[in-house]
$ cat protein-v8.txt   # compact mmCIF, C-alpha atoms
# COMPACT_ATOMS: atom_id res chain seq x y z
CA MET A 568 3.84 29.75 -1.26
CA ARG A 569 0.56 28.25 -2.41
CA ILE A 570 0.25 24.47 -1.93
CA ASN A 571 -1.92 22.80 -4.53
CA VAL A 572 -3.85 19.86 -3.03
CA PRO A 573 -6.26 17.84 -5.24
CA PRO A 574 -9.94 18.00 -4.21
CA LEU A 575 -10.38 14.46 -2.89
CA THR A 576 -7.18 14.61 -0.87
CA ARG A 577 -8.19 17.98 0.55
CA GLY A 578 -11.63 16.65 1.51
CA LEU A 579 -10.11 13.56 3.11
CA LEU A 580 -7.78 15.70 5.23
CA ILE A 581 -10.66 17.88 6.42
CA THR A 582 -12.72 14.78 7.25
CA ILE A 583 -9.90 13.23 9.28
CA VAL A 584 -9.39 16.35 11.37
CA THR A 585 -13.14 16.89 11.87
CA PHE A 586 -14.04 13.34 12.90
CA THR A 587 -10.98 13.01 15.12
CA LEU A 588 -11.98 16.13 17.06
CA LEU A 589 -15.60 14.94 17.25
CA ASN A 590 -14.47 11.60 18.61
CA ALA A 591 -12.31 13.35 21.20
CA VAL A 592 -15.33 15.26 22.50
CA LEU A 593 -17.97 12.53 22.22
CA ARG A 594 -16.07 9.46 23.38
CA PRO A 595 -17.52 7.81 26.52
CA GLY A 596 -16.28 8.83 29.95
CA TYR A 597 -15.56 12.50 29.30
CA THR A 598 -17.68 15.23 30.88
CA GLY A 599 -16.04 18.44 29.72
CA TRP A 600 -14.84 20.01 26.50
CA ILE A 601 -11.34 20.67 27.87
CA GLN A 602 -10.95 17.10 29.06
CA GLY A 603 -12.48 15.69 25.90
CA VAL A 604 -10.25 17.65 23.55
CA GLY A 605 -7.09 17.38 25.65
CA LYS A 606 -7.18 13.65 26.31
CA PRO A 607 -6.16 12.55 22.78
CA PHE A 608 -2.89 14.43 23.13
CA HIS A 609 -1.42 11.83 25.48
CA THR A 610 -3.43 8.62 25.51
CA VAL A 611 -5.60 6.20 23.56
CA GLY A 612 -9.15 5.90 24.82
CA GLN A 613 -12.34 4.15 23.83
CA GLY A 614 -13.86 5.66 20.72
CA ALA A 615 -17.36 7.02 20.29
CA PRO A 616 -19.51 4.04 19.14
CA TYR A 617 -21.08 6.01 16.27
CA LEU A 618 -17.70 7.10 14.88
CA ALA A 619 -15.31 4.24 15.67
CA ILE A 620 -15.93 0.50 15.35
CA ILE A 621 -16.84 -1.09 18.68
CA PRO A 622 -17.59 -4.78 17.89
CA SER A 623 -20.51 -4.93 20.32
CA THR A 624 -22.31 -1.96 18.71
CA ALA A 625 -20.97 -1.73 15.16
CA ILE A 626 -24.00 -3.48 13.66
CA VAL A 627 -26.23 -0.75 15.10
CA TYR A 628 -24.10 1.95 13.42
CA PRO A 629 -23.06 0.34 10.09
CA TRP A 630 -21.60 3.57 8.67
CA VAL A 631 -18.68 3.24 11.09
CA PHE A 632 -17.05 0.64 8.80
CA LEU A 633 -16.24 3.56 6.48
CA VAL A 634 -16.03 6.49 8.89
CA ALA A 635 -13.73 4.77 11.42
CA THR A 636 -10.77 5.10 9.05
CA THR A 637 -10.89 8.88 9.47
CA VAL A 638 -11.04 8.74 13.29
CA GLU A 639 -7.73 8.87 15.17
CA GLN A 640 -7.56 8.27 18.91
CA ASN A 641 -4.54 10.48 19.68
CA ILE A 642 -2.61 13.41 18.30
CA PHE A 643 0.29 11.24 17.16
CA GLY A 644 -2.01 9.15 14.98
CA LEU A 645 -3.62 12.31 13.59
CA PHE A 646 -0.19 13.73 12.70
CA ILE A 647 1.03 10.56 10.96
CA THR A 648 -2.21 9.94 9.05
CA GLY A 649 -2.48 13.60 8.08
CA LEU A 650 1.01 13.67 6.60
CA THR A 651 0.44 10.33 4.87
CA VAL A 652 -2.72 11.59 3.19
CA PHE A 653 -1.20 14.98 2.36
CA TYR A 654 1.86 13.61 0.58
CA GLY A 655 0.60 10.22 -0.56
CA GLY A 656 -2.93 11.29 -1.41
CA ARG A 657 -2.01 14.20 -3.64
CA TYR A 658 0.59 12.04 -5.40
CA LEU A 659 -1.77 9.13 -6.11
CA GLU A 660 -4.74 11.32 -7.00
CA ARG A 661 -2.65 13.05 -9.66
CA ALA A 662 -1.19 9.78 -10.93
CA TRP A 663 -4.52 7.90 -11.08
CA SER A 664 -7.30 10.54 -11.24
CA SER A 665 -9.77 11.41 -8.49
CA ALA A 666 -12.23 8.65 -9.43
CA GLU A 667 -9.61 5.88 -9.29
CA PHE A 668 -8.17 7.26 -6.08
CA ALA A 669 -11.65 7.31 -4.50
CA LYS A 670 -12.21 3.64 -5.36
CA PHE A 671 -8.84 2.73 -3.89
CA ILE A 672 -9.62 4.58 -0.65
CA LEU A 673 -12.98 2.79 -0.36
CA PHE A 674 -11.33 -0.61 -0.77
CA VAL A 675 -8.48 -0.07 1.68
CA SER A 676 -10.79 1.56 4.24
CA MET A 677 -13.86 -0.65 4.41
CA ILE A 678 -12.46 -4.14 3.80
CA PRO A 679 -9.71 -4.03 6.50
CA ASN A 680 -12.19 -2.52 8.98
CA LEU A 681 -14.72 -5.25 8.26
CA LEU A 682 -12.13 -8.04 8.49
CA THR A 683 -10.78 -6.69 11.79
CA PHE A 684 -14.32 -6.50 13.17
CA LEU A 685 -14.98 -10.12 12.16
CA LEU A 686 -11.68 -11.18 13.73
CA TYR A 687 -12.70 -9.69 17.08
CA VAL A 688 -16.12 -11.33 16.86
CA VAL A 689 -14.54 -14.72 16.21
CA ALA A 690 -12.08 -14.13 19.06
CA TYR A 691 -14.98 -13.44 21.42
CA ALA A 692 -16.85 -16.51 20.23
CA LEU A 693 -13.82 -18.70 20.96
CA SER A 694 -12.62 -17.11 24.20
CA HIS A 695 -15.71 -15.36 25.63
CA ASN A 696 -13.42 -12.48 26.56
CA ASP A 697 -15.44 -9.28 26.82
CA GLU A 698 -12.42 -7.16 25.84
CA ALA A 699 -12.74 -8.44 22.29
CA MET A 700 -16.20 -6.88 21.97
CA THR A 701 -15.21 -3.55 23.52
CA ALA A 702 -12.04 -2.94 21.53
CA THR A 703 -11.82 0.22 19.44
CA VAL A 704 -11.09 -0.20 15.73
CA SER A 705 -10.28 3.09 14.01
CA GLY A 706 -7.50 5.07 12.37
CA GLY A 707 -5.70 5.33 9.06
CA ILE A 708 -3.27 2.42 9.47
CA ALA A 709 -4.90 0.52 6.58
CA ILE A 710 -4.64 3.59 4.32
CA GLN A 711 -0.96 3.96 5.20
CA ALA A 712 -0.32 0.32 4.27
CA GLY A 713 -2.27 0.75 1.03
CA PHE A 714 -0.29 3.83 0.04
CA LEU A 715 3.01 2.01 0.56
CA VAL A 716 1.83 -0.84 -1.66
CA SER A 717 0.86 1.60 -4.40
CA PHE A 718 4.23 3.36 -4.19
CA LYS A 719 5.92 -0.03 -4.51
CA GLN A 720 4.02 -0.46 -7.77
CA LEU A 721 4.67 3.02 -9.17
CA VAL A 722 8.18 4.00 -8.03
CA PRO A 723 9.88 0.97 -6.43
CA GLU A 724 13.42 2.11 -7.17
CA HIS A 725 13.13 5.65 -5.84
CA THR A 726 15.16 6.48 -2.75
CA VAL A 727 13.67 8.46 0.12
CA SER A 728 16.05 10.71 2.04
CA ILE A 729 14.98 11.64 5.55
CA PHE A 730 16.48 14.31 7.79
CA LYS A 731 18.87 15.73 5.18
CA GLY A 732 20.11 12.33 4.04
CA ALA A 733 20.73 10.84 7.49
CA ILE A 734 18.38 7.98 6.58
CA ARG A 735 18.11 6.74 3.00
CA MET A 736 15.90 3.89 1.89
CA ARG A 737 14.31 2.62 -1.31
CA VAL A 738 10.54 2.82 -1.60
CA LYS A 739 10.20 -0.90 -2.32
CA HIS A 740 11.39 -1.74 1.22
CA PHE A 741 8.79 0.38 3.02
CA PRO A 742 5.83 -2.07 3.02
CA ALA A 743 7.84 -4.85 4.71
CA ILE A 744 9.29 -2.46 7.30
CA PHE A 745 5.82 -1.09 8.01
CA LEU A 746 4.39 -4.58 8.55
CA VAL A 747 7.27 -5.70 10.76
CA ALA A 748 7.06 -2.55 12.91
CA ASN A 749 3.32 -2.91 13.46
CA THR A 750 3.61 -6.65 14.15
CA ILE A 751 6.32 -6.14 16.77
CA SER A 752 4.35 -3.30 18.35
CA GLY A 753 1.19 -5.42 18.43
CA LEU A 754 2.91 -8.37 20.09
CA LEU A 755 5.00 -6.41 22.60
CA PHE A 756 2.94 -3.32 23.38
CA GLY A 757 -0.63 -4.52 22.90
CA THR A 758 -1.43 -2.51 19.77
CA GLU A 759 -2.92 -5.55 18.07
CA THR A 760 -5.64 -3.52 16.36
CA ALA A 761 -3.02 -1.56 14.41
CA MET A 762 -1.29 -4.85 13.59
CA PHE A 763 -4.49 -6.35 12.16
CA LEU A 764 -5.31 -3.21 10.17
CA SER A 765 -1.80 -2.98 8.71
CA TRP A 766 -1.84 -6.58 7.45
CA PHE A 767 -5.41 -6.42 6.16
CA GLY A 768 -4.71 -3.05 4.50
CA PHE A 769 -1.58 -4.44 2.86
CA LEU A 770 -3.35 -7.57 1.56
CA THR A 771 -6.40 -5.62 0.38
CA ALA A 772 -4.35 -3.02 -1.51
CA TRP A 773 -2.11 -5.64 -3.11
CA THR A 774 -5.07 -7.82 -4.16
CA TYR A 775 -6.92 -4.86 -5.67
CA LEU A 776 -3.90 -3.50 -7.55
CA ARG A 777 -2.64 -6.93 -8.58
CA PHE A 778 -5.91 -8.35 -9.92
CA TYR A 779 -8.64 -5.75 -10.30
CA ARG A 780 -7.64 -2.15 -10.93
CA ARG A 781 -8.10 -1.15 -14.57
CA SER A 782 -5.48 1.30 -15.77
CA PRO A 783 -4.68 2.76 -19.19
CA SER A 784 -2.10 0.74 -21.09
CA LEU A 785 1.03 2.85 -21.47
CA SER A 786 2.27 0.80 -24.42
CA ALA A 787 -0.96 0.24 -26.35
CA THR A 788 -1.41 1.87 -29.75
CA THR A 789 -5.16 1.22 -29.98
CA THR A 790 -8.19 2.66 -28.25
CA GLY A 791 -11.20 1.09 -26.62
CA GLU A 792 -11.16 -2.04 -24.46
CA ASP A 793 -7.68 -3.06 -25.62
CA SER A 794 -6.21 0.20 -24.34
CA PHE A 795 -6.76 -0.82 -20.70
CA VAL A 796 -4.93 -3.33 -18.51
CA LYS A 797 -6.63 -5.16 -15.65
CA GLY A 798 -4.40 -5.64 -12.64
CA ASP A 799 -0.61 -5.79 -12.58
CA ALA A 800 0.92 -9.18 -13.42
CA SER A 801 4.49 -7.90 -13.56
CA ASP A 802 7.22 -9.90 -11.86
CA THR A 803 8.31 -6.95 -9.73
CA PHE A 804 4.82 -6.66 -8.17
CA SER A 805 4.51 -10.28 -7.09
CA PHE A 806 3.82 -10.91 -3.41
CA ALA A 807 7.29 -12.29 -2.66
CA HIS A 808 9.05 -9.19 -3.99
CA PHE A 809 7.67 -7.09 -1.16
CA PHE A 810 10.11 -8.78 1.21
CA PRO A 811 13.93 -9.02 1.49
CA GLU A 812 15.71 -11.50 -0.75
CA PRO A 813 16.39 -14.15 1.95
CA LEU A 814 12.64 -14.31 2.69
CA GLN A 815 11.39 -14.32 -0.88
CA THR A 816 11.44 -18.10 -1.32
CA PRO A 817 9.35 -18.98 1.80
CA VAL A 818 7.13 -15.93 1.29
CA GLY A 819 6.69 -16.96 -2.34
CA LEU A 820 5.45 -20.38 -1.25
CA LEU A 821 3.02 -18.74 1.18
CA GLY A 822 1.96 -16.26 -1.50
CA ASP A 823 1.28 -19.11 -3.93
CA GLN A 824 -1.07 -20.68 -1.39
CA PHE A 825 -2.86 -17.38 -0.89
CA TYR A 826 -3.08 -16.93 -4.65
CA ASN A 827 -4.42 -20.45 -5.17
CA ALA A 828 -7.02 -19.83 -2.47
CA LEU A 829 -8.18 -16.65 -4.23
CA VAL A 830 -8.41 -18.55 -7.51
CA ALA A 831 -10.27 -21.46 -5.88
CA VAL A 832 -13.00 -19.20 -4.50
CA LYS A 833 -13.05 -17.29 -7.82
CA ILE A 834 -12.04 -13.99 -6.28
CA CYS A 835 -9.45 -13.65 -9.04
CA THR A 836 -8.50 -15.40 -12.27
CA PRO A 837 -5.08 -16.92 -13.00
CA PHE A 838 -2.58 -14.90 -15.01
CA SER A 839 -1.59 -16.13 -18.44
CA THR A 840 1.87 -15.76 -19.95
CA GLU A 841 0.52 -12.92 -22.06
CA ASP A 842 -0.76 -11.18 -18.93
CA ILE A 843 2.66 -11.40 -17.28
CA ASP A 844 4.42 -10.08 -20.37
CA ALA A 845 1.92 -7.23 -20.62
CA GLY A 846 2.44 -6.43 -16.93
CA ASN A 847 6.21 -6.28 -17.39
CA GLU A 848 5.78 -4.01 -20.41
CA GLN A 849 3.45 -1.79 -18.40
CA ALA A 850 6.01 -1.53 -15.59
CA MET A 851 8.75 -0.59 -18.04
CA ALA A 852 6.53 1.93 -19.81
CA ARG A 853 5.60 3.47 -16.47
CA THR A 854 9.28 4.00 -15.71
CA GLU A 855 10.15 5.31 -19.16
CA GLY A 856 7.25 7.75 -19.03
CA GLY A 857 8.69 9.09 -15.81
CA LEU A 858 6.91 9.73 -12.53
CA PRO A 859 7.77 12.75 -10.40
CA SER A 860 9.38 12.75 -6.99
CA LEU A 861 7.16 11.59 -4.13
CA MET A 862 7.89 14.69 -2.07
CA ASN A 863 8.05 17.11 -5.03
CA PRO A 864 5.47 15.99 -7.61
CA ALA A 865 6.11 19.01 -9.81
CA ARG A 866 9.82 18.37 -10.25
CA SER A 867 10.76 16.60 -13.48
CA GLY A 868 13.97 14.76 -12.60
CA ARG A 869 14.54 13.63 -16.19
CA SER A 870 18.03 12.23 -15.72
CA GLY A 871 16.92 10.14 -12.72
CA ARG A 872 14.01 8.74 -14.70
CA ARG A 873 16.29 7.88 -17.59
CA GLU A 874 18.64 5.97 -15.28
CA GLU A 875 15.72 4.19 -13.66
CA ALA A 876 14.32 3.24 -17.05
CA GLU A 877 17.63 1.68 -18.04
CA ARG A 878 17.79 -0.16 -14.74
CA ARG A 879 14.27 -1.56 -15.05
CA ARG A 880 14.90 -2.56 -18.67
CA ALA A 881 18.06 -4.43 -17.61
CA LEU A 882 16.13 -6.25 -14.88
CA ALA A 883 13.40 -7.24 -17.31
CA LEU A 884 15.96 -8.63 -19.77
CA LYS A 885 17.60 -10.57 -16.98
CA VAL A 886 14.28 -12.12 -15.93
CA LEU A 887 13.50 -12.98 -19.57
CA ASP A 888 16.86 -14.69 -20.01
CA GLN A 889 16.35 -16.79 -16.88
CA ARG A 890 12.89 -17.80 -18.06
CA LEU A 891 14.36 -18.99 -21.34
CA GLN A 892 16.97 -20.98 -19.45
CA ALA A 893 14.26 -22.46 -17.22
CA ALA A 894 12.23 -23.51 -20.25
CA ALA A 895 15.27 -25.25 -21.75
CA ARG A 896 15.92 -27.34 -18.64
CA PRO A 897 13.64 -29.94 -17.00
CA GLN A 898 14.22 -28.48 -13.54
CA PRO A 899 12.39 -25.24 -12.74
CA VAL A 900 14.71 -22.32 -12.11
CA SER A 901 13.35 -19.52 -9.95
CA ALA A 902 13.61 -16.03 -11.39
CA ALA A 903 16.15 -13.84 -9.69
CA PRO A 904 14.45 -11.12 -7.66
CA PRO A 905 14.92 -7.55 -8.78
CA SER A 906 17.16 -5.41 -6.72
CA GLY A 907 15.57 -2.94 -5.73
CA PRO A 908 7.65 7.54 1.27
CA SER A 909 8.26 9.02 4.13
CA VAL A 910 6.96 12.31 5.40
CA LEU A 911 10.11 14.42 5.51
CA GLY A 912 12.88 14.64 2.93
CA GLU A 913 13.39 14.13 -0.78
CA THR A 914 13.14 11.19 -3.15
CA THR A 915 15.89 10.49 -5.63
CA PHE A 916 16.99 7.61 -7.79
CA GLU A 917 20.32 5.97 -7.06
CA PRO A 918 21.28 3.09 -9.36
CA GLU A 919 23.00 0.15 -7.76
CA LYS A 920 25.81 -1.90 -9.24
CA HIS A 921 24.63 -5.10 -10.88
CA ASP A 922 26.25 -8.06 -12.43
CA GLU A 923 26.66 -7.91 -16.15
CA ILE A 924 23.46 -8.83 -17.93
CA PRO A 925 23.77 -11.96 -20.06
CA SER A 926 24.32 -11.10 -23.70
CA THR A 927 22.05 -13.90 -24.94
CA THR A 928 19.15 -12.48 -26.95
CA THR A 929 16.35 -14.08 -28.86
CA THR A 930 14.93 -12.98 -32.17
CA PRO A 931 11.17 -13.44 -32.52
CA LYS A 932 10.15 -15.47 -35.49
$ encode --input "protein-v8.txt" --output "structure tokens"
Amino acid sequence: MRINVPPLTRGLLITIVTFTLLNAVLRPGYTGWIQGVGKPFHTVGQGAPYLAIIPSTAIVYPWVFLVATTVEQNIFGLFITGLTVFYGGRYLERAWSSAEFAKFILFVSMIPNLLTFLLYVVAYALSHNDEAMTATVSGGIAIQAGFLVSFKQLVPEHTVSIFKGAIRMRVKHFPAIFLVANTISGLLFGTETAMFLSWFGFLTAWTYLRFYRRSPSLSATTTGEDSFVKGDASDTFSFAHFFPEPLQTPVGLLGDQFYNALVAVKICTPFSTEDIDAGNEQAMARTEGGLPSLMNPARSGRSGRREEAERRRALALKVLDQRLQAAARPQPVSAAPPSGPSVLGETTFEPEKHDEIPSTTTTPK
């Protein structure tokens, strides 16, 4: 069976394998080909300074801020990143186009690498610990975080089934689980570099998709500048909705501070009411148009898309009704959060039971 992989995804996979093998051979401390190639199968070593980011030498080899993302230090990392790019890359490249996918990869590769490098430099300046300047920053953790954020935007209500249905989970929960897993691993097992890259990759991808990425409007009837939407101001893509319901209120407060900081330094502009309404319409149109399964992009799944469209429409009406109630009362009422890929298994849509949607409707004048 012939597997169709888009050109950019195919090139990225080849680059990851090539640079990982080069790093295995050229990393410091290895004298033979057998030792150099075999070592990554069972340990994490110091990377080659002209392929991976070593804070003490990265300025001498500035290209490493881009290349380091394609350099894995062990076979486990190569396997995970390879599968992530194979499934996630071909899905996003088809959904966005090769040019948009390339821009996304550049953002979620270079910015997290640069921020992690600066973090180690600051840590050395404060502690004078030489380990901060000899740490190895490399790998596709930031890309993995970025892909999960993009899936949360495109197919939040899809369910991923792993190992023949033994594990089932909605796509919208994956970013939070990924961050928690990397944070715990960083604190308990000393993989703090992966922890930094996962958080920076998550924040970079969300900021880019939330405020900057220009995408065709799925509900526009005109052409030209008005046929494009900048960012995604929908309620379901807000920062707080990446986390479980009990955490959404405190995370929302933290997200507001982060948002205000971005606005203060003019990294992004505030959303208007029209922007939020347009973002919600875009999210609904994306669902109604139907996106294929994450693991089987060619499969149509029309009935699942129809159910998901009805579900998303019901959620949007519920949010609208609560906004109208909030506007009618002096006290602010927080909008109820919506209810909400993996490498092995299938993705399906499974609607959940919801409370009856209020029957109150408004007629535009």
$ closest_residue --input "protein-v8.txt" --among "A:Ser801, A:Gln613, A:Gln892, A:Asn590" --to "Met700 of chain A" --atoms "only C-alpha atoms"
A:Gln613
$ closest_residue --input "protein-v8.txt" --among "A:Ala692, A:Leu821, A:Ala666, A:Ala748" --to "Arg780 of chain A" --atoms "only C-alpha atoms"
A:Ala666
$ closest_atom_pairs --input "protein-v8.txt" --of "segment 712-810 of chain A" --to "segment 643-664 of chain A" --cutoff "12 Å" --atoms "all atoms listed in the file" --output "JSON lines"
{"residue": "A:Ala712", "atom": "CA", "partner": "A:Thr651", "partner_atom": "CA", "distance": 10.1}
{"residue": "A:Gly713", "atom": "CA", "partner": "A:Gly655", "partner_atom": "CA", "distance": 10.0}
{"residue": "A:Phe714", "atom": "CA", "partner": "A:Gly655", "partner_atom": "CA", "distance": 6.5}
{"residue": "A:Leu715", "atom": "CA", "partner": "A:Gly655", "partner_atom": "CA", "distance": 8.6}
{"residue": "A:Val716", "atom": "CA", "partner": "A:Gly655", "partner_atom": "CA", "distance": 11.2}
{"residue": "A:Ser717", "atom": "CA", "partner": "A:Leu659", "partner_atom": "CA", "distance": 8.2}
{"residue": "A:Phe718", "atom": "CA", "partner": "A:Leu659", "partner_atom": "CA", "distance": 8.5}
{"residue": "A:Gln720", "atom": "CA", "partner": "A:Leu659", "partner_atom": "CA", "distance": 11.3}
{"residue": "A:Leu721", "atom": "CA", "partner": "A:Ala662", "partner_atom": "CA", "distance": 9.1}
{"residue": "A:Val722", "atom": "CA", "partner": "A:Leu659", "partner_atom": "CA", "distance": 11.4}
{"residue": "A:Ala761", "atom": "CA", "partner": "A:Gly644", "partner_atom": "CA", "distance": 10.8}
{"residue": "A:Leu776", "atom": "CA", "partner": "A:Trp663", "partner_atom": "CA", "distance": 12.0}
{"residue": "A:Arg780", "atom": "CA", "partner": "A:Trp663", "partner_atom": "CA", "distance": 10.5}
{"residue": "A:Arg781", "atom": "CA", "partner": "A:Trp663", "partner_atom": "CA", "distance": 10.3}
{"residue": "A:Ser782", "atom": "CA", "partner": "A:Trp663", "partner_atom": "CA", "distance": 8.2}
{"residue": "A:Pro783", "atom": "CA", "partner": "A:Trp663", "partner_atom": "CA", "distance": 9.6}
$ axis_aligned_box --input "protein-v8.txt" --around "segment 636-648 of chain A" --padding-each-side "8 Å" --output "JSON"
{"center_x": -5.0, "center_y": 9.4, "center_z": 14.4, "size_x": 28.1, "size_y": 24.6, "size_z": 26.6}
$ atom_distance --input "protein-v8.txt" --atom1 "atom CA of Leu618 of chain A" --atom2 "atom CA of Phe586 of chain A"
7.5 Å
$ closest_residue --input "protein-v8.txt" --among "A:Thr582, A:Leu746, A:Tyr687, A:Lys797" --to "Phe767 of chain A" --atoms "only C-alpha atoms"
A:Leu746
$ atom_distance --input "protein-v8.txt" --atom1 "atom CA of Pro573 of chain A" --atom2 "atom CA of Ala669 of chain A"
11.9 Å
$ atom_distance --input "protein-v8.txt" --atom1 "atom CA of Gln815 of chain A" --atom2 "atom CA of Thr803 of chain A"
11.9 Å
$ residues_around --input "protein-v8.txt" --residues "Asp799 of chain A" --least-positions-apart "2" --cutoff "9 Å" --atoms "all atoms listed in the file" --output "NGL selection string"
:A and (720 or 776-780 or 796-797 or 801-802 or 804-805 or 842-843 or 845-847 or 849-850)
$ decode --input "protein-v8.txt" --residues "segment 656-663 of chain A" --atoms "all heavy atoms" --output "compact mmCIF listing (two decimals), in the first residue's frame"
# COMPACT_ATOMS: atom_id res chain seq x y z
N GLY A 656 2.19 16.03 10.83
CA GLY A 656 2.66 16.87 9.75
C GLY A 656 1.85 16.71 8.49
O GLY A 656 1.45 17.70 7.86
N ARG A 657 1.58 15.48 8.10
CA ARG A 657 0.81 15.30 6.86
C ARG A 657 -0.63 15.79 7.03
O ARG A 657 -1.24 16.27 6.07
CB ARG A 657 0.84 13.84 6.41
CG ARG A 657 0.16 12.86 7.32
CD ARG A 657 0.14 11.47 6.70
NE ARG A 657 -0.59 10.51 7.53
CZ ARG A 657 -1.02 9.35 7.08
NH1 ARG A 657 -0.82 9.02 5.81
NH2 ARG A 657 -1.66 8.51 7.88
N TYR A 658 -1.15 15.71 8.25
CA TYR A 658 -2.51 16.22 8.49
C TYR A 658 -2.55 17.74 8.37
O TYR A 658 -3.39 18.31 7.67
CB TYR A 658 -2.99 15.77 9.87
CG TYR A 658 -4.43 16.13 10.16
CD1 TYR A 658 -5.45 15.26 9.84
CD2 TYR A 658 -4.76 17.34 10.76
CE1 TYR A 658 -6.77 15.57 10.10
CE2 TYR A 658 -6.07 17.67 11.03
CZ TYR A 658 -7.07 16.78 10.70
OH TYR A 658 -8.37 17.12 10.97
N LEU A 659 -1.63 18.43 9.05
CA LEU A 659 -1.64 19.89 9.06
C LEU A 659 -1.23 20.46 7.71
O LEU A 659 -1.75 21.49 7.29
CB LEU A 659 -0.71 20.40 10.16
CG LEU A 659 -1.14 20.12 11.60
CD1 LEU A 659 -0.10 20.62 12.58
CD2 LEU A 659 -2.50 20.74 11.88
N GLU A 660 -0.29 19.82 7.04
CA GLU A 660 0.13 20.34 5.73
C GLU A 660 -1.01 20.27 4.73
O GLU A 660 -1.17 21.17 3.89
CB GLU A 660 1.33 19.54 5.22
CG GLU A 660 1.94 20.14 3.96
CD GLU A 660 3.26 19.48 3.57
OE1 GLU A 660 3.76 18.63 4.34
OE2 GLU A 660 3.79 19.82 2.49
N ARG A 661 -1.85 19.25 4.82
CA ARG A 661 -3.00 19.17 3.93
C ARG A 661 -4.09 20.14 4.33
O ARG A 661 -4.81 20.68 3.49
CB ARG A 661 -3.54 17.74 3.92
CG ARG A 661 -2.64 16.77 3.17
CD ARG A 661 -3.04 15.34 3.43
NE ARG A 661 -2.23 14.40 2.64
CZ ARG A 661 -2.16 13.11 2.90
NH1 ARG A 661 -2.83 12.59 3.91
NH2 ARG A 661 -1.41 12.32 2.14
N ALA A 662 -4.23 20.37 5.63
CA ALA A 662 -5.29 21.27 6.11
C ALA A 662 -4.93 22.73 5.88
O ALA A 662 -5.81 23.56 5.64
CB ALA A 662 -5.55 21.02 7.59
N TRP A 663 -3.64 23.07 5.93
CA TRP A 663 -3.22 24.47 5.87
C TRP A 663 -2.56 24.86 4.56
O TRP A 663 -2.52 26.04 4.22
CB TRP A 663 -2.23 24.77 6.99
CG TRP A 663 -2.82 24.81 8.35
CD1 TRP A 663 -4.15 24.87 8.67
CD2 TRP A 663 -2.11 24.80 9.59
NE1 TRP A 663 -4.30 24.90 10.03
CE2 TRP A 663 -3.08 24.86 10.61
CE3 TRP A 663 -0.77 24.75 9.94
CZ2 TRP A 663 -2.74 24.88 11.97
CZ3 TRP A 663 -0.42 24.76 11.28
CH2 TRP A 663 -1.39 24.82 12.28
